[in-house]
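Note: the block below is my_file39.txt and it holds compact mmCIF, C-alpha atoms and all ligand atoms.
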```txt
# COMPACT_ATOMS: atom_id res chain seq x y z
CA MET A 1 -27.12 44.00 96.15
CA THR A 2 -28.32 40.74 94.66
CA ASP A 3 -27.31 37.14 95.24
CA SER A 4 -26.86 36.72 91.50
CA ILE A 5 -23.54 38.62 91.76
CA ILE A 6 -20.33 36.88 92.73
CA ARG A 7 -16.84 38.33 92.87
CA SER A 8 -14.43 35.48 93.54
CA VAL A 9 -13.13 32.67 91.35
CA ALA A 10 -13.66 30.28 94.27
CA ASP A 11 -17.40 31.09 94.41
CA LEU A 12 -17.67 30.85 90.63
CA ARG A 13 -16.07 27.39 90.61
CA GLU A 14 -18.25 26.15 93.48
CA ILE A 15 -21.49 27.25 91.82
CA VAL A 16 -20.51 25.89 88.40
CA ALA A 17 -19.44 22.58 90.01
CA GLY A 18 -22.89 22.33 91.66
CA TRP A 19 -24.62 22.94 88.33
CA ARG A 20 -22.45 20.31 86.65
CA GLN A 21 -23.37 17.74 89.31
CA GLU A 22 -27.01 18.44 88.44
CA GLY A 23 -26.15 17.77 84.77
CA LYS A 24 -26.68 21.40 83.70
CA ARG A 25 -25.13 22.86 80.57
CA VAL A 26 -23.39 26.17 81.25
CA GLY A 27 -22.90 29.17 78.91
CA LEU A 28 -20.57 32.13 79.50
CA VAL A 29 -20.95 35.64 78.07
CA PRO A 30 -17.81 37.68 78.81
CA THR A 31 -18.41 41.47 78.80
CA MET A 32 -16.80 44.68 79.99
CA GLY A 33 -20.17 45.99 81.18
CA ALA A 34 -21.89 49.04 79.64
CA ILE A 35 -24.49 46.48 78.61
CA HIS A 36 -26.58 47.15 75.49
CA ALA A 37 -28.86 45.13 73.22
CA GLY A 38 -25.84 43.56 71.50
CA HIS A 39 -24.72 41.96 74.78
CA LEU A 40 -28.28 40.88 75.56
CA SER A 41 -28.43 39.04 72.23
CA LEU A 42 -25.38 37.05 73.38
CA VAL A 43 -27.17 36.20 76.64
CA SER A 44 -30.18 35.06 74.67
CA ILE A 45 -28.05 32.77 72.45
CA ALA A 46 -26.38 31.32 75.57
CA ALA A 47 -29.79 30.80 77.21
CA LYS A 48 -31.14 28.99 74.13
CA ASN A 49 -28.18 26.59 74.17
CA CYS A 50 -27.64 26.11 77.90
CA ASP A 51 -29.47 25.55 81.19
CA LYS A 52 -27.47 28.19 83.05
CA VAL A 53 -25.98 31.47 81.82
CA ILE A 54 -23.10 33.31 83.45
CA ALA A 55 -22.10 36.80 82.30
CA SER A 56 -18.83 38.31 83.42
CA VAL A 57 -18.44 42.06 83.86
CA PHE A 58 -14.80 43.12 84.04
CA VAL A 59 -13.25 46.20 82.44
CA ASN A 60 -9.97 44.57 81.53
CA PRO A 61 -7.16 47.13 81.91
CA THR A 62 -4.60 45.10 79.95
CA GLN A 63 -6.48 45.42 76.66
CA PHE A 64 -6.44 49.24 76.71
CA GLY A 65 -3.47 51.12 75.25
CA GLU A 66 -1.86 54.06 77.04
CA ASN A 67 -3.83 56.69 75.16
CA GLU A 68 -7.10 54.78 75.11
CA ASP A 69 -10.30 55.28 77.06
CA LEU A 70 -9.82 53.02 80.12
CA ASP A 71 -10.45 55.83 82.63
CA ALA A 72 -13.49 57.08 80.72
CA TYR A 73 -14.96 53.61 80.13
CA PRO A 74 -18.60 53.70 81.34
CA VAL A 75 -19.12 51.74 84.57
CA ASP A 76 -22.57 51.19 86.13
CA GLU A 77 -22.49 47.79 87.77
CA ALA A 78 -25.99 47.92 89.28
CA LYS A 79 -27.58 48.78 85.93
CA ASP A 80 -25.51 46.18 84.06
CA VAL A 81 -26.44 43.43 86.53
CA ARG A 82 -30.13 44.39 86.31
CA ASN A 83 -30.08 44.33 82.50
CA LEU A 84 -28.21 41.03 82.38
CA THR A 85 -30.44 39.27 84.91
CA ASP A 86 -33.63 40.64 83.30
CA ALA A 87 -32.41 39.10 80.03
CA GLY A 88 -32.01 35.64 81.60
CA THR A 89 -28.50 35.64 83.10
CA ASP A 90 -28.41 33.37 86.17
CA LEU A 91 -25.14 34.61 87.62
CA VAL A 92 -23.02 37.72 87.05
CA PHE A 93 -19.32 37.37 87.78
CA CYS A 94 -17.91 40.81 88.69
CA PRO A 95 -14.33 40.21 89.81
CA GLY A 96 -12.17 43.03 91.12
CA LYS A 97 -8.87 43.78 89.43
CA GLU A 98 -6.93 41.90 92.15
CA GLU A 99 -9.00 38.76 91.56
CA ILE A 100 -7.97 38.65 87.90
CA TYR A 101 -4.49 40.18 88.15
CA PRO A 102 -3.17 39.48 91.66
CA ASN A 103 0.20 40.93 92.68
CA GLY A 104 2.99 39.23 90.76
CA PHE A 105 0.78 38.22 87.82
CA SER A 106 3.28 37.53 85.02
CA THR A 107 1.65 35.58 82.20
CA VAL A 108 0.63 36.87 78.78
CA ILE A 109 -1.24 34.84 76.16
CA SER A 110 -0.25 36.11 72.74
CA VAL A 111 -1.83 34.86 69.52
CA SER A 112 0.28 35.53 66.43
CA GLY A 113 -0.79 35.60 62.79
CA LEU A 114 -4.43 36.63 63.18
CA THR A 115 -3.36 39.70 65.14
CA ALA A 116 -0.84 40.91 62.54
CA GLY A 117 -3.34 42.99 60.54
CA LEU A 118 -6.57 45.01 60.97
CA CYS A 119 -6.71 46.37 64.58
CA GLY A 120 -3.46 44.64 65.63
CA PRO A 121 -0.94 47.28 64.48
CA PHE A 122 -3.20 50.16 65.57
CA ARG A 123 -3.74 48.81 69.10
CA PRO A 124 -0.41 47.29 70.21
CA GLY A 125 -0.91 44.88 73.10
CA HIS A 126 -4.69 44.93 72.79
CA PHE A 127 -5.15 41.34 71.64
CA ASP A 128 -2.63 40.06 74.21
CA GLY A 129 -4.81 41.67 76.88
CA VAL A 130 -7.96 40.15 75.39
CA ALA A 131 -6.40 36.70 74.90
CA THR A 132 -5.04 36.66 78.46
CA VAL A 133 -8.26 37.71 80.19
CA VAL A 134 -10.48 35.49 78.04
CA SER A 135 -8.21 32.48 78.68
CA LYS A 136 -8.49 33.18 82.41
CA LEU A 137 -12.28 33.61 82.32
CA LEU A 138 -12.73 30.39 80.33
CA LEU A 139 -10.48 28.42 82.70
CA GLN A 140 -12.10 29.94 85.78
CA CYS A 141 -15.61 29.11 84.62
CA LEU A 142 -15.06 26.10 82.33
CA PRO A 143 -18.37 26.64 80.51
CA ASP A 144 -19.72 24.37 77.77
CA ILE A 145 -20.02 27.34 75.42
CA ALA A 146 -18.88 30.97 75.42
CA VAL A 147 -20.57 33.53 73.18
CA PHE A 148 -18.81 36.48 71.50
CA GLY A 149 -20.16 39.04 69.04
CA GLU A 150 -19.03 39.21 65.41
CA LYS A 151 -18.69 42.98 65.72
CA ASP A 152 -15.25 42.18 67.18
CA TYR A 153 -14.69 39.64 64.44
CA GLN A 154 -10.89 39.64 64.75
CA GLN A 155 -11.24 39.09 68.52
CA LEU A 156 -13.62 36.17 67.86
CA LEU A 157 -11.04 34.46 65.62
CA VAL A 158 -8.24 35.14 68.10
CA ILE A 159 -10.32 33.49 70.84
CA ARG A 160 -11.14 30.48 68.64
CA GLN A 161 -7.40 30.10 67.93
CA LEU A 162 -6.32 30.26 71.57
CA VAL A 163 -9.03 27.80 72.62
CA SER A 164 -7.83 25.36 69.97
CA ASP A 165 -4.12 25.92 70.71
CA LEU A 166 -4.50 25.61 74.48
CA ASN A 167 -7.02 22.72 74.33
CA ILE A 168 -9.55 24.63 76.43
CA PRO A 169 -12.66 22.42 76.41
CA VAL A 170 -15.26 24.99 75.34
CA GLU A 171 -17.24 25.70 72.18
CA ILE A 172 -16.86 29.30 71.00
CA VAL A 173 -20.09 30.61 69.48
CA GLY A 174 -20.03 33.68 67.23
CA ALA A 175 -23.12 35.91 67.29
CA PRO A 176 -24.35 38.24 64.53
CA ILE A 177 -23.83 41.99 64.87
CA ILE A 178 -26.81 43.84 66.36
CA ARG A 179 -27.39 47.20 64.67
CA GLU A 180 -29.40 50.32 65.36
CA ASP A 181 -32.27 50.92 62.88
CA ASP A 182 -29.98 53.16 60.83
CA GLY A 183 -27.30 50.46 60.50
CA LEU A 184 -24.82 51.62 63.15
CA ALA A 185 -23.36 48.58 64.89
CA MET A 186 -24.22 48.67 68.60
CA SER A 187 -21.25 49.40 70.85
CA SER A 188 -20.67 50.62 74.38
CA ARG A 189 -18.57 53.40 72.87
CA ASN A 190 -21.46 54.80 70.77
CA ARG A 191 -22.55 56.75 73.85
CA TYR A 192 -19.46 58.96 73.45
CA LEU A 193 -20.75 60.26 70.09
CA SER A 194 -22.02 63.85 70.04
CA PRO A 195 -25.44 64.38 68.35
CA ASP A 196 -23.69 65.56 65.18
CA GLU A 197 -21.33 62.58 65.19
CA ARG A 198 -24.24 60.22 65.85
CA ARG A 199 -25.94 61.54 62.69
CA VAL A 200 -22.83 60.78 60.60
CA ALA A 201 -22.01 57.42 62.28
CA PRO A 202 -24.37 55.21 60.16
CA GLU A 203 -22.44 56.29 57.05
CA PHE A 204 -19.69 53.97 58.24
CA ASN A 205 -21.82 50.88 57.69
CA ARG A 206 -23.20 52.33 54.45
CA VAL A 207 -19.69 52.88 53.04
CA LEU A 208 -18.57 49.35 54.03
CA THR A 209 -21.76 47.91 52.48
CA ASP A 210 -20.94 49.77 49.25
CA VAL A 211 -17.42 48.33 49.32
CA ALA A 212 -18.89 44.80 49.51
CA ALA A 213 -21.13 45.47 46.49
CA LEU A 214 -18.35 47.12 44.46
CA ILE A 215 -15.77 44.38 44.95
CA LYS A 216 -18.25 41.74 43.89
CA ALA A 217 -18.69 43.67 40.64
CA LYS A 218 -14.93 44.34 40.27
CA PRO A 219 -13.03 41.62 42.19
CA ASP A 220 -9.58 42.82 41.02
CA GLU A 221 -10.13 46.34 42.34
CA CYS A 222 -10.13 45.64 46.11
CA GLN A 223 -7.31 48.06 46.86
CA ASN A 224 -8.73 50.97 44.83
CA ILE A 225 -12.23 50.44 46.17
CA CYS A 226 -10.96 50.40 49.78
CA ARG A 227 -8.82 53.51 49.15
CA ASN A 228 -11.84 55.36 47.74
CA ALA A 229 -13.91 54.26 50.75
CA ARG A 230 -11.29 55.68 53.15
CA GLU A 231 -11.37 59.00 51.27
CA GLU A 232 -15.16 59.04 51.31
CA LEU A 233 -15.20 58.53 55.10
CA LEU A 234 -12.80 61.47 55.56
CA GLU A 235 -15.01 63.63 53.32
CA LEU A 236 -18.05 62.63 55.38
CA GLY A 237 -16.36 64.02 58.51
CA PHE A 238 -14.52 61.05 60.01
CA ALA A 239 -11.39 62.35 61.73
CA SER A 240 -9.14 59.52 60.54
CA VAL A 241 -9.44 56.04 59.11
CA ASP A 242 -7.28 53.22 60.48
CA TYR A 243 -8.30 50.82 57.72
CA VAL A 244 -10.91 49.69 55.25
CA SER A 245 -9.87 46.20 54.12
CA VAL A 246 -11.22 43.07 52.52
CA CYS A 247 -9.97 39.90 54.19
CA ASP A 248 -10.40 36.14 54.11
CA ILE A 249 -12.95 35.22 56.81
CA GLU A 250 -10.76 32.54 58.40
CA THR A 251 -7.15 33.68 58.09
CA LEU A 252 -7.83 37.45 57.85
CA GLU A 253 -5.37 37.50 54.94
CA LEU A 254 -5.68 40.86 53.20
CA LEU A 255 -7.18 40.30 49.74
CA LYS A 256 -6.04 42.36 46.77
CA THR A 257 -8.38 40.32 44.58
CA TYR A 258 -11.71 39.37 46.08
CA ARG A 259 -12.37 35.68 46.53
CA HIS A 260 -15.19 34.04 48.46
CA PRO A 261 -15.58 33.87 51.46
CA ALA A 262 -14.44 37.32 52.50
CA ARG A 263 -15.53 40.15 54.81
CA VAL A 264 -15.10 43.90 54.62
CA PHE A 265 -13.55 45.37 57.77
CA GLY A 266 -13.26 49.00 58.85
CA ALA A 267 -11.99 51.08 61.77
CA ALA A 268 -12.26 54.86 61.84
CA TYR A 269 -12.41 57.74 64.29
CA LEU A 270 -15.47 59.95 64.48
CA GLY A 271 -14.34 62.73 66.80
CA ALA A 272 -12.61 60.91 69.65
CA SER A 273 -14.62 57.70 69.22
CA ARG A 274 -13.11 54.77 67.38
CA LEU A 275 -15.79 52.85 65.46
CA ILE A 276 -15.22 49.35 64.10
CA ASP A 277 -17.52 47.36 61.87
CA ASN A 278 -17.45 44.47 59.43
CA LEU A 279 -19.78 42.59 57.14
CA PRO A 280 -19.73 39.58 54.84
CA VAL A 281 -19.22 40.28 51.14
CA ASP A 282 -21.94 37.76 50.29
O1 LIG A 301 -15.48 42.14 73.77
C1 LIG A 301 -15.29 42.51 74.96
O2 LIG A 301 -16.17 43.11 75.59
C2 LIG A 301 -13.96 42.23 75.62
O3 LIG A 301 -12.91 42.33 74.72
C3 LIG A 301 -13.94 40.88 76.35
C4 LIG A 301 -14.11 39.72 75.40
C5 LIG A 301 -15.03 40.83 77.41
C6 LIG A 301 -12.59 40.69 77.06
O4 LIG A 301 -12.35 41.69 78.00
```

structure tokens encoding of this file:
Amino acid sequence: MTDSIIRSVADLREIVAGWRQEGKRVGLVPTMGAIHAGHLSLVSIAAKNCDKVIASVFVNPTQFGENEDLDAYPVDEAKDVRNLTDAGTDLVFCPGKEEIYPNGFSTVISVSGLTAGLCGPFRPGHFDGVATVVSKLLLQCLPDIAVFGEKDYQQLLVIRQLVSDLNIPVEIVGAPIIREDDGLAMSSRNRYLSPDERRVAPEFNRVLTDVAALIKAKPDECQNICRNAREELLELGFASVDYVSVCDIETLELLKTYRHPARVFGAAYLGASRLIDNLPVD
């Protein structure tokens, strides 16, 4: 299709080694495809900081739970590669499942602590799947930097932790959430929303923004304010709410009394789509 696609770890290593010999700085943007403006903002950050940008496109089966949307996950490799290269990606790494998880693959990277709350209990095994595939991608590519969006804020911290714990020589760069004009955080899963659900979806960000304002005014009321926010989301038509929580931005400790610096986190179902979002209190 295009010579900017490669599929094997051997090719990836050879190309990156060539770039390194030329003294180039290399940035990696790991994705699961279904590329949208949020991903392209990560490419642009990598391009600003590096001479060469690699994006990976791999729908990682190990981070999906049994009842999750792996089979329905949108796949359009040609379109993804076009969008990524148009945005300045030099090389797109599209490994097959066997390249990442060959027969007999038996290793799991599991980060404790940070995964105990928020999405952790609602998506058992998810962060092990993420930590394992991201460790592999970082070690396969050995980039100078790797860029991840703050929309998956818990994931970003998990990745920072594993990189520090495993001494992987890479700088992890967090990128701000890219939102639609009405405030909805961009996500590959937004395309599952029906027109009615899409109309309601921006309320999620609005409710979390209200939580941030309210807890600043009443720092001791975190739990009540979050409980009221969950009820409001249900009244607005959300099918269920996994959590609305205020947490420390580094440890993700759940805060009953607000203290700086904290973020508001939420996860809720609108129809069959699970939305997540978060924002700083200040
Ligand atoms: O954020 C994602 O798209 C995925 O979790 C990642 C980091 C590419 C790992 O599969």

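The residue that comes closest to A:Gly113, out of A:Gln154, A:Val29, A:Leu233, A:Arg13 and on the basis of all atoms listed in the file, is A:Gln154.
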
Between atom CA of A:Ala267 and atom CA of A:Cys119, distance in Å (one decimal):
7.6 Å

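Within 6 Å of stretch 241-250 of chain A, once all atoms listed in the file are used and residues closer than 4 positions along the same chain are dropped, the contacting residues are Cys226, Leu254, Leu255, Ala262, Arg263, Val264, Phe265, Gly266, Ala267 and Ala268 of chain A.
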
Could you list the protein, DNA and RNA residues that have any atom within 9 Å of ligand LIG 301 (chain A), counting all atoms listed in the file, and write them as JSON, numbers by chain?
{"A": [29, 30, 31, 32, 33, 39, 56, 57, 58, 59, 60, 61, 62, 63, 126, 127, 129, 130, 131, 132, 133, 134, 137, 148, 149, 151, 152, 155, 156, 159, 188]}

Taking into account only C-alpha atoms, which residue in the set A:Asn83, A:Ser8, A:Ser110, A:Ser187 is nearest to A:Glu98?
A:Ser8

Give me the residues within 12 Å of A:Glu14 as a PyMOL selection string, counting all atoms listed in the file and dropping any in the same chain fewer than 6 places off.
chain A and resi 6+8+20-21+140-142

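Closest approach to A:Phe122 among A:Ser4, A:Leu42, A:Gly18, A:Phe64 is made by A:Phe64 (distances from only C-alpha atoms).
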
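Each of A:His36, A:Lys48, A:Arg160, A:Arg7 was compared to A:Phe93 using all atoms listed in the file, and A:Arg7 turns out to be the nearest.
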
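Taking atom CA of A:Thr251 and atom CA of A:Gly65 as the two end points, the separation is 24.7 Å.
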
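With all atoms listed in the file as the atoms that count, the residue of A:Gly23, A:Gly125, A:Pro102, A:Pro280 with the shortest distance to A:Ala213 is A:Pro280.
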
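Distance annotation: of A:Ala185, A:Ile109, A:Glu235, A:Asn228, the residue with the minimal separation from A:Asp165 is A:Ile109; atom set is all atoms listed in the file.
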
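For the atom pair formed by atom CA of A:Pro219 and atom CA of A:Leu275, the distance is 26.0 Å, given to one decimal.
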
Please provide the set of residues having any atom within 12 Å of A:Asp196, restricted to only C-alpha atoms, with same-chain residues fewer than 5 positions apart removed, written as a VMD selection string.
chain A and resid 201 to 202 236 to 238 270 to 271

How big is the axis-aligned box around all listed atoms of stretch 169-188 of chain A once 8 Å goes on each side, and where's its centre, in Å to one decimal, as JSON?
```
{"center_x": -22.5, "center_y": 37.8, "center_z": 68.5, "size_x": 35.6, "size_y": 46.7, "size_z": 31.9}
```

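For A:Leu84, the list of residues within 9 Å, based on all atoms listed in the file and with local chain neighbours fewer than 5 positions off taken out, reads Ile35, His39, Leu40, Val43, Ala55, Lys79, Thr89, Asp90, Leu91 and Val92 of chain A.
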
Where atoms are absent from stretch 25-40 of chain A, fill them in so it carries N, CA, C and O atoms, then output it as a PDB file, in the coordinates of the input.
```
ATOM      1  N   ARG A  25     -26.050  22.337  81.589  1.00  0.00           N
ATOM      2  CA  ARG A  25     -25.130  22.860  80.570  1.00  0.00           C
ATOM      3  C   ARG A  25     -24.953  24.350  80.826  1.00  0.00           C
ATOM      4  O   ARG A  25     -25.933  25.079  81.053  1.00  0.00           O
ATOM      5  N   VAL A  26     -23.698  24.803  80.792  1.00  0.00           N
ATOM      6  CA  VAL A  26     -23.390  26.170  81.250  1.00  0.00           C
ATOM      7  C   VAL A  26     -22.846  27.015  80.088  1.00  0.00           C
ATOM      8  O   VAL A  26     -21.967  26.579  79.340  1.00  0.00           O
ATOM      9  N   GLY A  27     -23.386  28.232  79.940  1.00  0.00           N
ATOM     10  CA  GLY A  27     -22.900  29.170  78.910  1.00  0.00           C
ATOM     11  C   GLY A  27     -22.311  30.403  79.562  1.00  0.00           C
ATOM     12  O   GLY A  27     -22.814  30.872  80.590  1.00  0.00           O
ATOM     13  N   LEU A  28     -21.228  30.920  78.971  1.00  0.00           N
ATOM     14  CA  LEU A  28     -20.570  32.130  79.500  1.00  0.00           C
ATOM     15  C   LEU A  28     -20.631  33.238  78.458  1.00  0.00           C
ATOM     16  O   LEU A  28     -20.384  33.011  77.273  1.00  0.00           O
ATOM     17  N   VAL A  29     -20.979  34.448  78.929  1.00  0.00           N
ATOM     18  CA  VAL A  29     -20.950  35.640  78.070  1.00  0.00           C
ATOM     19  C   VAL A  29     -19.990  36.640  78.719  1.00  0.00           C
ATOM     20  O   VAL A  29     -20.367  37.345  79.659  1.00  0.00           O
ATOM     21  N   PRO A  30     -18.747  36.710  78.228  1.00  0.00           N
ATOM     22  CA  PRO A  30     -17.810  37.680  78.810  1.00  0.00           C
ATOM     23  C   PRO A  30     -18.128  39.090  78.303  1.00  0.00           C
ATOM     24  O   PRO A  30     -18.360  39.288  77.100  1.00  0.00           O
ATOM     25  N   THR A  31     -18.158  40.079  79.210  1.00  0.00           N
ATOM     26  CA  THR A  31     -18.410  41.470  78.800  1.00  0.00           C
ATOM     27  C   THR A  31     -17.500  42.389  79.625  1.00  0.00           C
ATOM     28  O   THR A  31     -16.928  41.982  80.644  1.00  0.00           O
ATOM     29  N   MET A  32     -17.451  43.646  79.170  1.00  0.00           N
ATOM     30  CA  MET A  32     -16.800  44.680  79.990  1.00  0.00           C
ATOM     31  C   MET A  32     -17.865  45.632  80.536  1.00  0.00           C
ATOM     32  O   MET A  32     -17.582  46.792  80.823  1.00  0.00           O
ATOM     33  N   GLY A  33     -19.095  45.129  80.676  1.00  0.00           N
ATOM     34  CA  GLY A  33     -20.170  45.990  81.180  1.00  0.00           C
ATOM     35  C   GLY A  33     -20.650  46.945  80.110  1.00  0.00           C
ATOM     36  O   GLY A  33     -20.513  46.683  78.918  1.00  0.00           O
ATOM     37  N   ALA A  34     -21.258  48.091  80.559  1.00  0.00           N
ATOM     38  CA  ALA A  34     -21.890  49.040  79.640  1.00  0.00           C
ATOM     39  C   ALA A  34     -22.820  48.272  78.699  1.00  0.00           C
ATOM     40  O   ALA A  34     -22.776  48.406  77.470  1.00  0.00           O
ATOM     41  N   ILE A  35     -23.676  47.470  79.329  1.00  0.00           N
ATOM     42  CA  ILE A  35     -24.490  46.480  78.610  1.00  0.00           C
ATOM     43  C   ILE A  35     -25.507  47.158  77.689  1.00  0.00           C
ATOM     44  O   ILE A  35     -26.193  48.107  78.059  1.00  0.00           O
ATOM     45  N   HIS A  36     -25.584  46.659  76.450  1.00  0.00           N
ATOM     46  CA  HIS A  36     -26.580  47.150  75.490  1.00  0.00           C
ATOM     47  C   HIS A  36     -27.223  45.937  74.798  1.00  0.00           C
ATOM     48  O   HIS A  36     -26.890  44.775  75.132  1.00  0.00           O
ATOM     49  N   ALA A  37     -28.097  46.220  73.840  1.00  0.00           N
ATOM     50  CA  ALA A  37     -28.860  45.130  73.220  1.00  0.00           C
ATOM     51  C   ALA A  37     -27.953  44.088  72.546  1.00  0.00           C
ATOM     52  O   ALA A  37     -28.327  42.917  72.428  1.00  0.00           O
ATOM     53  N   GLY A  38     -26.778  44.516  72.097  1.00  0.00           N
ATOM     54  CA  GLY A  38     -25.840  43.560  71.500  1.00  0.00           C
ATOM     55  C   GLY A  38     -25.441  42.496  72.518  1.00  0.00           C
ATOM     56  O   GLY A  38     -25.474  41.288  72.239  1.00  0.00           O
ATOM     57  N   HIS A  39     -25.080  42.936  73.731  1.00  0.00           N
ATOM     58  CA  HIS A  39     -24.720  41.960  74.780  1.00  0.00           C
ATOM     59  C   HIS A  39     -25.912  41.055  75.104  1.00  0.00           C
ATOM     60  O   HIS A  39     -25.750  39.854  75.323  1.00  0.00           O
ATOM     61  N   LEU A  40     -27.111  41.672  75.156  1.00  0.00           N
ATOM     62  CA  LEU A  40     -28.280  40.880  75.560  1.00  0.00           C
ATOM     63  C   LEU A  40     -28.589  39.801  74.525  1.00  0.00           C
ATOM     64  O   LEU A  40     -29.098  38.727  74.856  1.00  0.00           O
TER      65      LEU A  40
END
```
